[in-house]
Each structure stands twice: as structure tokens, then as C-alpha cells.
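J.: What follows is final-v4.txt; its format and atoms are compact mmCIF, C-alpha atoms.
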# COMPACT_ATOMS: atom_id res chain seq x y z
CA MET H 1 102.17 86.91 82.31
CA ALA H 2 103.57 89.19 84.98
CA ALA H 3 102.84 92.27 82.94
CA SER H 4 99.34 91.25 82.10
CA SER H 5 98.12 93.10 85.15
CA SER H 6 98.53 96.46 83.43
CA ALA H 7 96.41 95.85 80.40
CA GLY H 8 94.49 93.37 82.43
CA ARG H 9 93.50 95.95 84.96
CA ALA H 10 92.35 98.13 82.10
CA LEU H 11 90.24 95.27 80.82
CA THR H 12 88.79 94.65 84.22
CA LEU H 13 88.08 98.19 85.13
CA CYS H 14 87.12 99.84 81.87
CA LYS H 15 83.98 98.18 80.72
CA GLN H 16 83.42 100.31 77.68
CA PHE H 17 85.93 100.21 74.90
CA GLN H 18 85.02 101.36 71.46
CA ASN H 19 86.48 98.73 69.15
CA VAL H 20 87.97 95.26 69.26
CA LEU H 21 91.26 96.61 67.95
CA ARG H 22 91.97 97.97 71.41
CA ILE H 23 91.70 94.50 72.93
CA SER H 24 94.07 93.06 70.35
CA THR H 25 96.55 95.87 70.84
CA ALA H 26 96.27 95.38 74.57
CA VAL H 27 96.86 91.68 74.03
CA ASN H 28 99.89 92.44 71.87
CA ALA H 29 101.15 94.76 74.55
CA GLN H 30 100.67 91.92 77.01
CA HIS H 31 102.67 89.50 74.89
CA CYS H 32 105.49 91.95 74.23
CA ALA H 33 105.63 93.07 77.80
CA ALA H 34 105.60 89.47 79.01
CA ASN H 35 108.55 88.66 76.78
CA VAL H 36 110.42 91.70 77.91
CA THR H 37 109.66 91.04 81.55
CA ARG H 38 111.71 87.90 81.59
CA TYR H 39 114.84 89.83 80.83
CA GLN H 40 114.24 93.16 82.40
CA ASN H 41 112.06 92.36 85.41
CA HIS H 42 110.15 95.56 85.04
CA VAL H 43 106.40 95.77 85.21
CA TYR H 44 105.02 98.08 82.57
CA ARG H 45 101.87 99.80 83.64
CA GLY H 46 99.51 101.64 81.40
CA THR H 47 100.87 100.30 78.13
CA SER H 48 97.37 99.66 76.85
CA PRO H 49 95.98 102.27 74.50
CA LEU H 50 92.60 101.98 76.19
CA ILE H 51 91.32 105.43 76.79
CA ALA H 52 90.56 105.81 80.44
CA PRO H 53 87.32 107.70 80.96
CA SER H 54 87.19 110.04 83.90
CA TRP H 55 85.64 107.38 86.10
CA CYS H 56 88.38 104.90 85.35
CA SER H 57 91.31 104.19 87.63
CA SER H 58 93.84 107.01 87.39
CA PRO H 59 97.15 105.08 87.07
CA LEU H 60 96.12 103.87 83.62
CA SER H 61 95.53 107.30 82.14
CA SER H 62 99.14 107.96 81.14
CA ALA H 63 100.44 105.53 78.58
CA GLY H 64 103.94 104.17 78.54
CA GLN H 65 104.54 104.68 82.25
CA CYS H 66 107.11 102.25 83.46
CA ARG H 67 106.98 101.54 87.16
CA ALA H 68 108.99 98.88 88.87
CA LEU H 69 107.98 97.98 92.38
CA HIS H 70 111.17 96.07 92.97
CA THR H 71 114.15 96.21 90.68
CA THR H 72 115.59 93.06 92.18
CA VAL H 73 114.84 89.71 90.65
CA SER H 74 113.29 88.52 93.86
CA VAL H 75 109.68 89.68 93.71
CA ARG H 76 108.66 89.10 90.08
CA GLY H 77 105.20 87.62 90.04
CA LEU H 78 104.17 88.22 93.62
CA GLU H 79 103.74 91.96 93.01
CA GLU H 80 100.48 91.10 91.34
CA PHE H 81 99.02 90.16 94.67
CA PHE H 82 99.13 93.84 95.54
CA ASP H 83 97.64 96.94 93.99
CA LEU H 84 99.66 99.62 92.23
CA PRO H 85 101.88 101.33 94.79
CA GLU H 86 100.12 104.69 94.32
CA ASN H 87 96.91 103.20 95.67
CA TRP H 88 98.48 102.03 98.90
CA GLY H 89 97.09 104.00 101.81
CA GLU H 90 94.26 105.57 99.80
CA SER H 91 90.84 105.58 101.40
CA ARG H 92 89.05 105.11 98.11
CA VAL H 93 90.12 103.55 94.81
CA LYS H 94 88.07 104.22 91.70
CA SER H 95 86.85 101.28 89.69
CA GLY H 96 84.50 100.79 86.78
CA ALA H 97 81.33 98.79 86.38
CA PRO H 98 81.33 94.99 86.44
CA TRP H 99 81.11 93.00 83.21
CA THR H 100 77.59 92.11 82.10
CA ALA H 101 76.68 88.81 80.47
CA LYS H 102 75.39 90.66 77.44
CA HIS H 103 78.72 92.37 76.98
CA LEU H 104 80.68 89.19 77.56
CA ARG H 105 78.72 87.35 74.88
CA THR H 106 80.22 89.65 72.27
CA LYS H 107 83.77 88.55 73.12
CA SER H 108 85.69 85.71 71.55
CA ASN H 109 86.72 82.58 73.43
CA GLU H 110 90.36 83.61 73.62
CA ASP H 111 89.42 86.97 75.10
CA LEU H 112 87.15 85.33 77.65
CA HIS H 113 89.89 82.92 78.59
CA LYS H 114 92.33 85.77 79.17
CA LEU H 115 89.72 87.80 81.00
CA TRP H 116 89.11 84.92 83.37
CA TYR H 117 92.72 85.03 84.53
CA VAL H 118 92.67 88.79 84.74
CA LEU H 119 89.61 88.67 86.96
CA LEU H 120 91.12 85.86 89.02
CA LYS H 121 94.27 87.85 89.67
CA GLU H 122 92.25 90.91 90.56
CA LYS H 123 90.20 88.85 92.99
CA ASN H 124 93.35 87.48 94.60
CA MET H 125 94.72 90.99 94.96
CA LEU H 126 91.51 92.20 96.59
CA LEU H 127 91.41 89.24 98.95
CA THR H 128 94.97 89.90 100.09
CA LEU H 129 94.07 93.54 100.58
CA GLU H 130 91.01 92.61 102.63
CA GLN H 131 92.97 90.27 104.86
CA GLU H 132 95.76 92.77 105.39
CA ALA H 133 93.23 95.47 106.23
CA ARG H 134 91.74 93.17 108.86
CA ARG H 135 95.18 92.49 110.26
CA GLN H 136 96.09 96.16 110.47
CA ARG H 137 92.60 97.02 111.75
CA VAL H 138 92.03 99.49 108.95
CA GLN H 139 89.13 99.84 106.53
CA MET H 140 89.64 98.23 103.17
CA PRO H 141 89.51 100.85 100.40
CA SER H 142 86.50 100.31 98.10
CA PRO H 143 85.29 96.85 99.13
CA GLU H 144 82.67 96.91 96.38
CA ARG H 145 85.42 95.99 93.90
CA LEU H 146 85.45 92.47 95.29
CA ARG H 147 81.73 92.02 94.71
CA LYS H 148 82.03 93.45 91.21
CA VAL H 149 84.79 91.03 90.33
CA GLU H 150 82.90 88.06 91.75
CA ARG H 151 79.84 88.96 89.75
CA SER H 152 81.90 89.32 86.59
CA ILE H 153 83.43 85.89 87.14
CA ILE H 154 80.01 84.31 87.61
CA ARG H 155 78.69 85.93 84.46
CA LEU H 156 81.72 84.83 82.50
CA GLU H 157 81.14 81.29 83.68
CA THR H 158 77.50 81.41 82.57
CA VAL H 159 78.48 82.65 79.12
CA VAL H 160 81.11 79.95 78.73
CA THR H 161 78.73 77.20 79.85
CA GLU H 162 76.12 78.49 77.41
CA ARG H 163 78.59 78.18 74.58
CA GLU H 164 79.65 74.73 75.74
CA THR H 165 76.06 73.45 75.95
CA ALA H 166 75.33 74.79 72.49
CA LEU H 167 78.39 73.03 71.09
CA ARG H 168 77.58 69.82 72.91
CA LEU H 169 73.98 69.85 71.67
CA LEU H 170 75.15 70.29 68.12
CA GLN H 171 77.84 67.66 68.27
CA THR H 172 76.34 64.94 70.44
CA GLY H 173 72.74 65.89 71.23
CA GLN H 174 73.39 65.67 75.00
CA GLU H 175 71.74 68.45 76.97
CA LYS H 176 73.72 68.10 80.19
CA ALA H 177 77.47 67.73 80.56
CA ARG H 178 77.20 65.90 83.88
CA PRO H 179 75.20 62.66 83.85
CA GLY H 180 72.26 62.37 86.23
CA ASP H 181 68.99 60.67 86.92
CA TRP H 182 65.50 61.30 88.33
CA ARG H 183 65.38 59.90 91.85
CA ARG H 184 63.00 59.96 94.80
CA ASN H 185 64.26 61.00 98.20
CA ILE H 186 63.03 59.81 101.60
CA PHE H 187 60.46 62.61 101.72
CA GLY H 188 58.83 61.44 98.51
CA HIS H 189 60.11 64.32 96.40
CA VAL H 190 61.30 63.46 92.90
CA PHE H 191 64.43 65.38 91.99
CA TRP H 192 67.25 65.36 89.46
CA TYR H 193 70.23 63.65 91.09
CA ARG H 194 73.56 64.52 89.49
CA PHE H 195 76.13 61.75 89.52
CA LYS H 196 79.37 62.22 91.38
CA GLU H 197 82.63 60.49 90.65
CA TYR H 198 83.73 58.02 93.33
CA ALA H 199 86.81 55.85 93.58
CA CYS H 200 84.81 52.68 94.36
CA PRO H 201 81.48 51.21 93.12
CA TRP H 202 78.28 52.24 94.93
CA TYR H 203 77.74 48.93 96.69
CA MET H 204 81.12 49.34 98.43
CA ASN H 205 80.47 52.96 99.42
CA LYS H 206 79.11 53.04 102.98
CA ARG H 207 78.30 56.74 103.01
CA TYR H 208 76.42 56.51 99.74
CA LYS H 209 74.33 53.59 100.94
CA ARG H 210 73.13 55.66 103.89
CA LYS H 211 71.51 58.09 101.47
CA ARG H 212 68.37 56.03 100.64
CA PHE H 213 66.84 57.04 97.31
CA TYR H 214 63.42 55.57 98.09
CA THR H 215 60.49 56.55 100.32
CA PRO H 216 59.94 54.26 103.32
CA ASN H 217 56.48 52.73 103.78
CA PHE H 218 55.59 54.87 106.80
CA VAL H 219 56.09 58.03 104.70
CA GLN H 220 53.72 56.86 101.96
CA PRO H 221 50.43 58.06 103.58
CA HIS H 222 51.93 61.50 104.22
CA LEU H 223 52.48 62.04 100.50
CA ARG H 224 48.75 62.01 99.86
CA LEU H 225 48.16 64.37 102.77
CA ARG H 226 50.78 66.72 101.36
CA ILE H 227 49.14 66.69 97.94
CA GLU H 228 45.76 67.38 99.54
CA LYS H 229 47.19 70.27 101.51
CA TYR H 230 48.70 71.76 98.39
CA LEU H 231 45.42 71.46 96.44
CA ARG H 232 43.49 72.98 99.33
CA GLU H 233 45.81 75.95 99.50
CA ARG H 234 45.61 76.47 95.75
CA ALA H 235 41.81 76.31 95.80
CA LYS H 236 41.67 78.74 98.71
CA LYS H 237 43.86 81.20 96.91
CA ALA H 238 41.78 81.02 93.75
CA ASN H 239 38.58 81.48 95.75
CA LEU H 240 39.95 84.45 97.59
CA GLU H 241 41.03 86.03 94.35
CA LYS H 242 37.54 85.52 92.83
CA LYS H 243 35.82 86.95 95.89
CA THR H 244 37.99 90.07 96.00
CA GLN H 245 37.38 90.65 92.31
CA ALA H 246 33.60 90.25 92.80
CA LYS H 247 33.62 92.72 95.71
CA LEU H 248 35.59 95.30 93.77
CA ARG H 249 33.30 94.93 90.78
CA GLU H 250 30.34 95.47 93.10
CA LYS H 251 31.85 98.65 94.48
CA PHE H 252 33.28 99.95 91.23
CA PRO H 253 31.09 98.64 88.39
CA GLN H 254 33.05 100.59 85.80
CA MET H 255 36.22 98.67 86.58
CA LYS H 256 37.55 96.95 83.47
CA ILE H 257 41.01 95.61 84.32
CA SER H 258 41.66 93.54 87.47
CA SER H 259 43.78 95.33 90.03
CA SER H 260 46.68 92.85 90.17
CA MET T 1 71.52 97.84 105.54
CA HIS T 2 72.41 94.27 104.56
CA ARG T 3 74.77 92.99 101.94
CA LYS T 4 73.08 91.06 99.17
CA LYS T 5 74.62 87.58 99.07
CA LEU T 6 75.76 86.19 95.75
CA ARG T 7 73.48 83.18 95.52
CA ASP T 8 74.27 82.58 91.88
CA LYS T 9 77.57 80.89 92.59
CA LYS T 10 76.09 77.69 91.19
CA ASN T 11 78.02 77.28 87.98
CA VAL T 12 81.41 78.29 89.39
CA ASP T 13 81.25 76.25 92.58
CA ARG T 14 79.43 73.33 91.05
CA ALA T 15 82.20 72.47 88.59
CA LEU T 16 83.75 69.23 89.82
CA TYR T 17 87.23 68.27 88.85
CA PRO T 18 87.82 64.56 87.98
CA LEU T 19 89.34 62.27 90.58
CA TYR T 20 92.97 61.44 90.25
CA GLN T 21 94.17 57.89 90.67
CA LEU T 22 97.65 56.49 90.05
CA GLY T 23 98.26 56.12 86.34
CA ASN T 24 95.71 58.71 85.22
CA PRO T 25 96.83 61.29 82.66
CA GLN T 26 97.92 64.69 83.94
CA LEU T 27 94.89 66.74 84.89
CA ARG T 28 94.74 70.05 83.04
CA ILE T 29 92.39 72.67 84.37
CA PHE T 30 91.17 75.55 82.25
CA ARG T 31 89.95 78.60 84.14
CA PRO T 32 90.63 77.48 87.71
CA LYS T 33 88.03 78.64 90.19
CA TRP T 34 90.38 78.78 93.20
CA SER T 35 91.47 82.11 94.62
CA LEU T 36 94.38 82.58 96.99
CA THR T 37 95.07 85.12 99.70
CA LEU T 38 98.61 86.22 100.44
CA VAL T 39 98.85 86.85 104.17
CA ARG T 40 101.38 88.47 106.42
CA PRO T 41 102.98 85.71 108.50
CA GLY T 42 102.05 85.76 112.16
CA LYS T 43 105.36 84.23 113.21
CA GLU T 44 108.73 85.15 111.79
CA GLN T 45 109.38 83.23 108.56
CA PRO T 46 112.61 82.77 106.57
CA PRO T 47 113.09 85.42 103.85
CA ASP T 48 112.19 83.11 100.96
CA THR T 49 108.90 81.95 102.47
CA VAL T 50 105.55 83.30 101.33
CA GLN T 51 102.41 82.46 103.28
CA PHE T 52 99.09 81.85 101.52
CA ARG T 53 95.57 80.96 102.55
CA ILE T 54 94.22 78.56 99.98
CA PRO T 55 90.90 76.73 99.57
CA MET T 56 90.67 73.44 101.43
CA VAL T 57 90.45 71.37 98.25
CA MET T 58 93.74 72.62 96.77
CA THR T 59 96.82 70.44 97.02
CA LYS T 60 100.52 71.27 97.00
CA CYS T 61 100.79 70.21 93.35
CA ASP T 62 97.81 72.36 92.43
CA LEU T 63 99.30 75.36 94.16
CA LYS T 64 102.68 74.84 92.55
CA GLY T 65 101.16 74.70 89.07
CA TYR T 66 98.91 77.66 89.86
CA LEU T 67 101.73 79.93 90.94
CA GLU T 68 104.09 78.85 88.21
CA LYS T 69 101.66 79.10 85.32
CA ILE T 70 99.53 82.09 86.33
CA TYR T 71 101.93 84.22 88.33
CA ASN T 72 105.24 83.02 86.84
CA VAL T 73 106.72 82.60 90.30
CA PRO T 74 109.53 80.04 90.69
CA VAL T 75 108.32 77.71 93.41
CA GLY T 76 110.53 75.41 95.44
CA THR T 77 108.86 73.44 98.19
CA ILE T 78 105.38 73.89 99.61
CA ARG T 79 104.16 72.84 103.02
CA THR T 80 100.48 72.98 103.93
CA ARG T 81 98.47 72.71 107.07
CA ILE T 82 94.79 73.08 107.86
CA GLN T 83 93.85 75.73 110.36
CA PHE T 84 90.83 74.86 112.44
CA GLY T 85 88.36 77.74 112.73
CA SER T 86 87.07 78.06 116.27
CA ASN T 87 83.60 76.82 117.18
CA LYS T 88 83.79 78.25 120.68
CA LYS T 89 82.24 81.69 120.33
CA ARG T 90 78.56 82.01 120.95
CA ASN T 91 76.02 84.45 119.59
CA HIS T 92 73.20 86.26 121.39
CA LEU T 93 71.12 83.04 121.26
CA ASN T 94 73.92 81.08 122.93
CA GLN T 95 74.45 79.07 119.74
CA ARG T 96 77.99 78.23 118.82
CA VAL T 97 79.26 80.20 115.83
CA LYS T 98 81.80 78.48 113.62
CA GLN T 99 84.65 80.43 112.05
CA PRO T 100 85.48 78.80 108.70
CA ASP T 101 88.43 76.42 108.43
CA PHE T 102 91.14 77.26 105.95
CA LYS T 103 94.31 75.75 104.56
CA VAL T 104 97.60 77.61 105.00
CA ALA T 105 100.44 77.05 102.55
CA TYR T 106 104.04 78.02 103.17
CA VAL T 107 105.71 78.41 99.79
CA GLN T 108 109.48 78.57 99.55
CA LEU T 109 110.67 80.32 96.42
CA ALA T 110 113.29 78.72 94.22
CA GLN T 111 116.34 80.29 92.61
CA GLY T 112 117.23 82.25 95.72
CA HIS T 113 114.34 84.71 95.49
CA THR T 114 113.22 86.53 98.61
CA PHE T 115 109.98 88.19 99.56
CA THR T 116 109.00 90.57 102.33
CA PHE T 117 105.39 91.47 102.92
CA PRO T 118 105.08 95.18 102.05
CA ASP T 119 103.37 97.86 104.08
CA ILE T 120 100.13 98.38 102.16
CA PHE T 121 98.66 101.03 104.44
CA PRO T 122 101.31 103.70 104.78
CA GLU T 123 100.46 106.96 106.50
CA LYS T 124 99.42 109.34 103.77
CA ASP T 125 99.10 113.09 104.07
CA GLY T 126 95.42 113.79 104.55
CA THR T 127 95.24 117.05 102.55
CA PRO T 128 93.18 116.53 99.39
CA ALA T 129 94.06 117.96 96.01
CA GLU T 130 93.32 121.58 95.26
CA GLY T 131 89.86 122.36 93.90
CA SER T 132 88.68 118.79 94.32
CA MET T 133 85.40 117.57 95.75
CA GLU T 134 87.05 116.26 98.90
CA GLU T 135 88.59 119.63 99.68
CA MET T 136 85.22 121.39 99.34
CA GLN T 137 83.57 118.77 101.52
CA GLU T 138 86.18 119.12 104.24
CA LYS T 139 85.88 122.89 104.17
CA PHE T 140 82.11 122.66 104.51
CA ILE T 141 82.39 120.29 107.47
CA GLU T 142 84.87 122.59 109.15
CA ASP T 143 82.58 125.60 108.71
CA GLU T 144 79.66 123.69 110.19
CA LYS T 145 81.71 122.68 113.22
CA GLN T 146 82.82 126.25 113.72
CA ARG T 147 79.24 127.46 113.59
CA GLN T 148 78.04 124.92 116.15
CA LYS T 149 80.73 125.70 118.70
CA SER T 150 79.58 127.63 121.74
CA ASP T 151 80.80 131.09 122.70
CA PRO T 152 84.48 130.82 123.76
CA ARG T 153 84.02 133.61 126.25
CA ARG T 154 81.90 131.32 128.44
CA GLY T 155 85.00 129.29 129.26
CA GLY T 156 83.58 125.80 128.63
CA VAL T 157 80.48 126.34 130.79
CA THR T 158 77.44 124.70 129.17
CA GLU T 159 74.23 126.51 128.16
CA TRP T 160 72.34 124.66 130.89
CA PHE T 161 73.53 127.17 133.41
CA GLY T 162 71.55 130.34 132.88
CA LEU T 163 73.57 133.44 132.10
Before we go any further, please render this structure as C-alpha cells.
T.:
Amino acid sequence: MAASSSAGRALTLCKQFQNVLRISTAVNAQHCAANVTRYQNHVYRGTSPLIAPSWCSSPLSSAGQCRALHTTVSVRGLEEFFDLPENWGESRVKSGAPWTAKHLRTKSNEDLHKLWYVLLKEKNMLLTLEQEARRQRVQMPSPERLRKVERSIIRLETVVTERETALRLLQTGQEKARPGDWRRNIFGHVFWYRFKEYACPWYMNKRYKRKRFYTPNFVQPHLRLRIEKYLRERAKKANLEKKTQAKLREKFPQMKISSS
Amino acid sequence: MHRKKLRDKKNVDRALYPLYQLGNPQLRIFRPKWSLTLVRPGKEQPPDTVQFRIPMVMTKCDLKGYLEKIYNVPVGTIRTRIQFGSNKKRNHLNQRVKQPDFKVAYVQLAQGHTFTFPDIFPEKDGTPAEGSMEEMQEKFIEDEKQRQKSDPRRGGVTEWFGL
């Protein structure tokens, strides 16, 4: 897995690749490189045949470049917490666009699984870089990469949960993975309460019993007042809208479509 | 100019992992949502020690599995502590501002491996590549500065003084 960063970085940074074959070849490169790494302790960079467009990160443009950060056995996996050595000290590092949900939906489950770890490692690397930049009182090069990676991770999660809900609906008919219930809180609002796993039953849980999923009697009259307020506001808004429309129609009788 | 906050963290942060009690089967996590930060140690550490900042909910076992499976790093012992983030500073409204708490993990590598935190911000030569955008920009800025400089024959005397 140590060498996955090379092809992995290509996957992270190059959003557009023309055919699925490139992913599989990259994956093969990953596997081969991972096997080789155990014996040779070299990190192969740029083994993926992904074509790097001009806006892609430069270290990946030349294929078959072998770069070892440390030839000793000592620093195997921890190199992945840092960027490629050429990018150290740069003021700006190029990176591609984040993954979109639409694009991620075209990928298979295995690819998404691998991409998750790639993005996670990239995020760890960027976090270490950010912290070190703060320590050295220097600007972090290209901080937008962190936001891009976070967004990609969130979108990946949405795609995976979509697939899981679809599967669960087909297999069991359950809509939600986590059990829950409609409950009323002390303010009278009805909301969907999602169950949490506790080590003891609810009647032995002091903190849970303080939560009170009912409205006290002194709050009851205020519920009606709140409903009245809401209805009044809604009526006012509707009235205002009607009046403005009437005024405009008076001024501009030819007006056909409402101006909203 | 404000940074747009990622408010959509719902699905990633909302995923709860099941409780572990003695006798339960081994918990296997697919796609862990925890991210680590490797930090430079403030105090001198032995050569095989690596210092991480980890989320508060991670345990030593979690971290060991994480590093071994994802990063293929041989891990020996791990010691953790929780660093309290100060609540002392105050903002312009005299309200106390809390720095977030974080967990620090000291990981000792197995099999005699060593690790030194590298210098990630070395001094690089500032000259940009030939014919690149940066070189043209720098040239333009230099020309502008030259144009705006006052007459050197005045000897540093400002324009305020007539003549």
C-alpha cells in the first residue's frame, strides 16, 4: 500500500481520465508496486499511465520515474504523510478539480473503496503540511487542496450511502439504516429522534433521563400562540404579495407575468 | 472575504461505530473517517518515536490498526494523552474563546525503525523558470517599481519640499 500514493495521487488529482482501462492499469501498477515495495523499499512515482494534462501536478508527467525518499528501511510508510520531495518549499502546488458526485457514481465499488483511502491519505498529508507550516510560521502552499479533498470525501460518502440505501430497500424494505422514532421535545416540536447505542438500558441512564421527550404542561398554551403567530405571518405575506401585484397591475396594465 | 464552511459533513461525521464490550467480535471498519496529523515533536523524542495528533475518539488499538493496515508501518507501543486547548483567551467582546482539545499519540516503531521529521520548507532559489508566467510577472513588478521611484539626484529629499 506504500506505493499507492503514486497512482493514488494521479487518481486524486486528475479528475478526467478517458477510459476505465487506465484505472485498472493504475490498480495493477499499485498491486505490483506494493509487492515490490516490500523487498526493495523504493517508492515508485508516476508509474500510472494516466496522461497528465497541463493543469495536473508535474511530478506525474514522466512515467517510470523511481524516486526513493529514504533508501533505508526505516521510513517506509511514513513518507506518505509528506508530499513529493520536489514540492517541498514551493509556494504553489498545482492540483486538479475535486471529484463530483456525478462522476463518482460511474465508478465501481472497489474503485470507490480504493479512492476513499487515497483521499484519506492525501488529507492526512495536507493536514501534516498545514500544521508544519503553522509551526514554521510559513504559508501553506495551496490550501485549497484540503477543501477539495474534504469535498470529494463527502461526495464519495453520499454516493456510497445512496447505493447502500438502494440495496437495503431492495433486500429488506427498510428505508433507514439507523433505527429512530418520532418524538416531541420540551418545546413542543415533533422531530425524528435517531437511536444511539448505549451500554445500559434507558431507565438506568441518568443523562438520558434528563432529556425529557415530552412537553411540560406550562408549555402547552405557548404552542397555540406559536401556531397563531405562524399563520398570521403567512397571511401577512400573502396579503402583501397580493397588494403589490394589484399596485403593479394598476400602474402597468399590460403586465402579463408577475415580477417574482 | 470569508471561507465557506463545509456544512454538509453530515453523512461522514454522523456515522457511529458500534460500542465494544468484552466478548464482542472484532470490530472491522470500512472506510475510516479519522484523519491524523503527523507533527514535529516540541520536546526531544527518542529516534523511533513518531508524534501524531489524532481525533479524540480514536484509541491506541484503532491507531495501531490504522497505521499497520493503511500505511504499512510496523508499530510497537503507543502512548496517548489528551491536550487541553486553552479557554483563557478572550475576543473583542470579552468572551472566552476555546481552542479545540486534541489527542496526542506517541508511536514507537517496531523492528528497529527510526524516523526524523524532515524539513518540509527548505530555502528554495526564488528565480522562476525561463519564459514562464512568474518571470514575466516579476519583471513587470520590477519595472513598475523603477518607474515610481523618485529622482535619485534629489538625494532622498521628498517632493514636499519645493525645488
J.: Which residues come within 7 Å of region 142-155 of chain H, counting all atoms listed in the file, excluding same-chain residues fewer than 3 positions away, as a list in words?
T.: Arg92, Val93, Ser95, Pro98, Trp99, Thr100, Ala101, Trp116, Leu119, Lys123, Leu126, Thr158 and Val159 of chain H; Lys9 and Val12 of chain T
J.: Please tabulate, as a tab-separated table, the residues of chain T that come within 10 Å of chain H, each with its closest pair of atoms and the distance in Å to one decimal, counting only C-alpha atoms and ordering rows by chain, then residue number upward.
T.:
residue	atom	partner	partner_atom	distance
T:Lys4	CA	H:Arg147	CA	9.8
T:Lys5	CA	H:Arg147	CA	9.4
T:Leu6	CA	H:Arg151	CA	7.8
T:Asp8	CA	H:Ile154	CA	7.4
T:Lys9	CA	H:Ile154	CA	6.5
T:Lys10	CA	H:Ile154	CA	8.5
T:Asn11	CA	H:Glu157	CA	6.7
T:Val12	CA	H:Ile154	CA	6.4
T:Asp13	CA	H:Ile154	CA	9.5
T:Ala15	CA	H:Arg178	CA	9.5
T:Leu16	CA	H:Lys196	CA	8.4
T:Tyr17	CA	H:Glu197	CA	9.2
T:Pro18	CA	H:Glu197	CA	7.1
T:Leu19	CA	H:Glu197	CA	6.9
T:Tyr20	CA	H:Ala199	CA	9.0
T:Gln21	CA	H:Ala199	CA	8.2
T:Phe30	CA	H:His113	CA	8.3
T:Arg31	CA	H:Trp116	CA	6.4
T:Pro32	CA	H:Tyr117	CA	8.5
T:Lys33	CA	H:Leu120	CA	7.9
T:Trp34	CA	H:Leu120	CA	8.3
T:Ser35	CA	H:Asn124	CA	5.7
T:Leu36	CA	H:Asn124	CA	5.5
T:Thr37	CA	H:Thr128	CA	4.8
T:Leu38	CA	H:Thr128	CA	5.2
T:Val39	CA	H:Thr128	CA	6.4
T:Arg40	CA	H:Glu132	CA	7.2
T:Gly42	CA	H:Arg135	CA	9.8
T:Asp48	CA	H:Ser74	CA	9.0
T:Val50	CA	H:Leu78	CA	9.2
T:Phe52	CA	H:Thr128	CA	9.2
T:Arg53	CA	H:Thr128	CA	9.3
T:Leu67	CA	H:Gly77	CA	8.5
T:Glu68	CA	H:Gly77	CA	9.0
T:Lys69	CA	H:Met1	CA	8.4
T:Ile70	CA	H:Met1	CA	6.8
T:Tyr71	CA	H:Gly77	CA	5.0
T:Asn72	CA	H:Gly77	CA	5.6
T:Val73	CA	H:Gly77	CA	5.3
T:Pro74	CA	H:Gly77	CA	8.8
T:Leu109	CA	H:Ser74	CA	9.0
T:Ala110	CA	H:Ser74	CA	9.8
T:Gln111	CA	H:Ser74	CA	8.9
T:Gly112	CA	H:Ser74	CA	7.6
T:His113	CA	H:Ser74	CA	4.3
T:Thr114	CA	H:Ser74	CA	5.2
T:Phe115	CA	H:Val75	CA	6.0
T:Thr116	CA	H:Val75	CA	8.7
T:Phe117	CA	H:Leu78	CA	9.9
T:Pro118	CA	H:Phe82	CA	8.9
T:Asp119	CA	H:Trp88	CA	8.3
T:Ile120	CA	H:Trp88	CA	5.2
T:Phe121	CA	H:Gly89	CA	4.3
T:Pro122	CA	H:Gly89	CA	5.2
T:Glu123	CA	H:Gly89	CA	6.5
T:Lys124	CA	H:Gly89	CA	6.1
T:Asp125	CA	H:Gly89	CA	9.6
T:Gly126	CA	H:Glu90	CA	9.6
J.: Expressed in Å to a single decimal, how great is the separation between CA of Val104 (chain T) and CA of Thr49 (chain T)?
T.: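 CA of Thr49 (chain T) lies 12.4 Å from CA of Val104 (chain T).
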J.: Can you tell me which residues surround Gln83 (chain T) at a distance of at most 10 Å, considering all atoms listed in the file, apart from same-chain residues fewer than 4 positions away, and format the answer as an NGL selection string?
T.: :T and (53 or 56 or 100-104)
J.: I'd like the interatomic distance between CA of Gly162 (chain T) and CA of Ser150 (chain T), to a tenth of an Å.
T.: 14.0 Å
J.: Identify, on the basis of only C-alpha atoms, every residue whose closest approach to Thr215 (chain H) does not exceed 12 Å; exclude the query and any residue fewer than 5 positions from it along the same chain; express the result as an MDAnalysis selection string.
T.: chainID H and resid 183:190 220:223
J.: So the first atom is CA of Ala246 (chain H) and the second is CA of Lys229 (chain H); what is the distance between them in Å, to one decimal place?
T.: 25.7 Å
J.: From the list H:Asn205, H:Leu248, H:Pro179, H:Ala166, which residue is nearest Tyr193 (chain H) when using all atoms listed in the file?
T.: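 Answer, going by the shortest atom-to-atom distance: H:Pro179.
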J.: Since the input is missing atoms for region 89-101 of chain T, could you rebuild it with N, CA and C atoms and give the result as a PDB file, in the frame of the given file?
T.:
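Below is the file that was written, result13.pdb:
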ATOM      1  N   LYS T  89      82.991  80.465 120.076  1.00  0.00           N
ATOM      2  CA  LYS T  89      82.240  81.690 120.330  1.00  0.00           C
ATOM      3  C   LYS T  89      80.749  81.433 120.219  1.00  0.00           C
ATOM      4  N   ARG T  90      80.013  82.188 120.983  1.00  0.00           N
ATOM      5  CA  ARG T  90      78.560  82.010 120.950  1.00  0.00           C
ATOM      6  C   ARG T  90      77.895  83.340 120.620  1.00  0.00           C
ATOM      7  N   ASN T  91      76.726  83.235 119.961  1.00  0.00           N
ATOM      8  CA  ASN T  91      76.020  84.450 119.590  1.00  0.00           C
ATOM      9  C   ASN T  91      75.006  84.812 120.670  1.00  0.00           C
ATOM     10  N   HIS T  92      74.132  85.778 120.358  1.00  0.00           N
ATOM     11  CA  HIS T  92      73.200  86.260 121.390  1.00  0.00           C
ATOM     12  C   HIS T  92      72.160  85.203 121.753  1.00  0.00           C
ATOM     13  N   LEU T  93      72.056  84.133 120.933  1.00  0.00           N
ATOM     14  CA  LEU T  93      71.120  83.040 121.260  1.00  0.00           C
ATOM     15  C   LEU T  93      71.831  81.875 121.913  1.00  0.00           C
ATOM     16  N   ASN T  94      73.080  82.112 122.319  1.00  0.00           N
ATOM     17  CA  ASN T  94      73.920  81.080 122.930  1.00  0.00           C
ATOM     18  C   ASN T  94      74.189  79.894 122.006  1.00  0.00           C
ATOM     19  N   GLN T  95      74.093  80.137 120.685  1.00  0.00           N
ATOM     20  CA  GLN T  95      74.450  79.070 119.740  1.00  0.00           C
ATOM     21  C   GLN T  95      75.908  79.250 119.386  1.00  0.00           C
ATOM     22  N   ARG T  96      76.586  78.123 119.177  1.00  0.00           N
ATOM     23  CA  ARG T  96      77.990  78.230 118.820  1.00  0.00           C
ATOM     24  C   ARG T  96      78.118  78.709 117.379  1.00  0.00           C
ATOM     25  N   VAL T  97      79.042  79.642 117.169  1.00  0.00           N
ATOM     26  CA  VAL T  97      79.260  80.200 115.830  1.00  0.00           C
ATOM     27  C   VAL T  97      80.608  79.681 115.337  1.00  0.00           C
ATOM     28  N   LYS T  98      80.576  79.099 114.152  1.00  0.00           N
ATOM     29  CA  LYS T  98      81.800  78.480 113.620  1.00  0.00           C
ATOM     30  C   LYS T  98      82.536  79.464 112.729  1.00  0.00           C
ATOM     31  N   GLN T  99      83.827  79.683 113.008  1.00  0.00           N
ATOM     32  CA  GLN T  99      84.650  80.430 112.050  1.00  0.00           C
ATOM     33  C   GLN T  99      85.108  79.429 111.009  1.00  0.00           C
ATOM     34  N   PRO T 100      85.148  79.796 109.728  1.00  0.00           N
ATOM     35  CA  PRO T 100      85.480  78.800 108.700  1.00  0.00           C
ATOM     36  C   PRO T 100      86.917  78.292 108.825  1.00  0.00           C
ATOM     37  N   ASP T 101      87.087  76.998 108.479  1.00  0.00           N
ATOM     38  CA  ASP T 101      88.430  76.420 108.430  1.00  0.00           C
ATOM     39  C   ASP T 101      89.105  76.873 107.149  1.00  0.00           C
TER      40      ASP T 101
END
